[in-house]
Amino acid sequence: QGSHWVGYFNGEKEFDKYYFDPYGIEPLPDFPKCIFNSVQVQPFGTRLCGQLSLYFLFKMNKCECGNKSQKFDDIIEEMLDCLWPETLL
């Protein structure tokens with residue numbers, strides 16, 4: 001009750017930091033500088049934040065391409081393209 005999951009991926013390079021919030025809420029000001037999503041993926045009233053955050057981390061970790069920033073955008077787009085986000089899992 002009252003908890004919310006987010007994903008934080010810390011890559012090998014200093015600028016390779018990604019924050020994913022299924023509601024599209026940016027990180028708090030004292031959080032390390034990172035790229036974050038500003039688009040809501042999870043519908044309000046659902047309990048998908050844990051699954052979506054883990055899915056995000058799994059996909060980011062699986063990325064073998066050199067461009068993590070593009071992969072980040074692709075993952076968000078993939079989630080948005082699904083009518084029901086829970087079908088991803």
# chains A, B, ... in the order shown; residues from 1 in each chain; ligands from 1

$ closest_atom_pairs --of "region 13-32 of chain A" --to "region 46-60 of chain A" --cutoff "8 Å" --atoms "only C-alpha atoms" --output "JSON lines"
{"residue": "A:Phe20", "atom": "CA", "partner": "A:Ser53", "partner_atom": "CA", "distance": 6.8}
{"residue": "A:Asp21", "atom": "CA", "partner": "A:Ser53", "partner_atom": "CA", "distance": 7.3}
{"residue": "A:Pro22", "atom": "CA", "partner": "A:Cys49", "partner_atom": "CA", "distance": 5.9}

$ residues_around --residues "Glu26 (chain A)" --least-positions-apart "5" --cutoff "10 Å" --atoms "only C-alpha atoms" --output "MDAnalysis selection string"
chainID A and resid 19:21 31 34:39

$ write_last_selection --atoms "C-alpha atoms" --output "tab-separated table (two decimals), in the first residue's frame"
chain	number	residue	atom	x	y	z
A	19	TYR	CA	15.38	6.82	-14.99
A	20	PHE	CA	12.05	5.24	-15.88
A	21	ASP	CA	8.82	6.11	-14.08
A	31	PHE	CA	18.47	12.58	-7.81
A	34	CYS	CA	20.01	11.32	-15.88
A	35	ILE	CA	17.80	10.88	-18.92
A	36	PHE	CA	14.18	10.27	-17.94
A	37	ASN	CA	10.85	9.65	-19.60
A	38	SER	CA	8.13	12.31	-19.35
A	39	VAL	CA	5.41	10.18	-20.93

$ select_by_dssp --residues "chain A" --states "strand (DSSP E)" --output "PyMOL selection string"
chain A and resi 7-10+17-20+35-36

$ atom_distance --atom1 "CA of Asn10 (chain A)" --atom2 "CA of Ile75 (chain A)"
16.0 Å

$ closest_residue --among "A:Gln40, A:Leu28, A:Lys33, A:Ile76" --to "Glu14 (chain A)" --atoms "only C-alpha atoms"
A:Lys33

$ decode --residues "region 41-58 of chain A" --atoms "N, CA and C atoms" --output "short mmCIF file (atom, residue, chain, number, x, y, z; two decimals), in the first residue's frame"
data_model
loop_
_atom_site.label_atom_id
_atom_site.label_comp_id
_atom_site.auth_asym_id
_atom_site.auth_seq_id
_atom_site.Cartn_x
_atom_site.Cartn_y
_atom_site.Cartn_z
N VAL A 41 3.16 5.80 -19.18
CA VAL A 41 2.96 4.50 -19.81
C VAL A 41 1.90 3.71 -19.06
N GLN A 42 1.91 3.80 -17.75
CA GLN A 42 1.00 3.03 -16.90
C GLN A 42 -0.30 3.80 -16.66
N PRO A 43 -1.45 3.17 -16.95
CA PRO A 43 -2.72 3.84 -16.64
C PRO A 43 -2.90 3.98 -15.12
N PHE A 44 -3.46 5.10 -14.70
CA PHE A 44 -3.75 5.29 -13.28
C PHE A 44 -4.75 4.22 -12.83
N GLY A 45 -4.61 3.79 -11.60
CA GLY A 45 -5.52 2.79 -11.05
C GLY A 45 -5.07 1.36 -11.30
N THR A 46 -3.94 1.18 -11.98
CA THR A 46 -3.41 -0.17 -12.21
C THR A 46 -2.20 -0.41 -11.33
N ARG A 47 -1.85 -1.66 -11.19
CA ARG A 47 -0.71 -2.05 -10.35
C ARG A 47 0.38 -2.68 -11.22
N LEU A 48 0.82 -1.94 -12.19
CA LEU A 48 1.80 -2.47 -13.14
C LEU A 48 3.19 -1.88 -12.97
N CYS A 49 3.37 -0.94 -12.05
CA CYS A 49 4.65 -0.22 -11.99
C CYS A 49 5.83 -1.15 -11.77
N GLY A 50 5.69 -2.16 -10.94
CA GLY A 50 6.79 -3.09 -10.70
C GLY A 50 7.15 -3.87 -11.95
N GLN A 51 6.13 -4.41 -12.62
CA GLN A 51 6.38 -5.18 -13.83
C GLN A 51 6.97 -4.31 -14.94
N LEU A 52 6.43 -3.12 -15.13
CA LEU A 52 6.93 -2.23 -16.18
C LEU A 52 8.37 -1.78 -15.89
N SER A 53 8.65 -1.49 -14.63
CA SER A 53 10.01 -1.07 -14.26
C SER A 53 11.01 -2.20 -14.47
N LEU A 54 10.63 -3.42 -14.10
CA LEU A 54 11.53 -4.56 -14.31
C LEU A 54 11.70 -4.85 -15.80
N TYR A 55 10.63 -4.71 -16.56
CA TYR A 55 10.71 -4.90 -18.01
C TYR A 55 11.68 -3.88 -18.62
N PHE A 56 11.57 -2.63 -18.19
CA PHE A 56 12.48 -1.57 -18.66
C PHE A 56 13.94 -1.94 -18.35
N LEU A 57 14.21 -2.35 -17.12
CA LEU A 57 15.58 -2.70 -16.73
C LEU A 57 16.09 -3.92 -17.51
N PHE A 58 15.23 -4.91 -17.70
CA PHE A 58 15.60 -6.08 -18.47
C PHE A 58 15.98 -5.69 -19.90
#
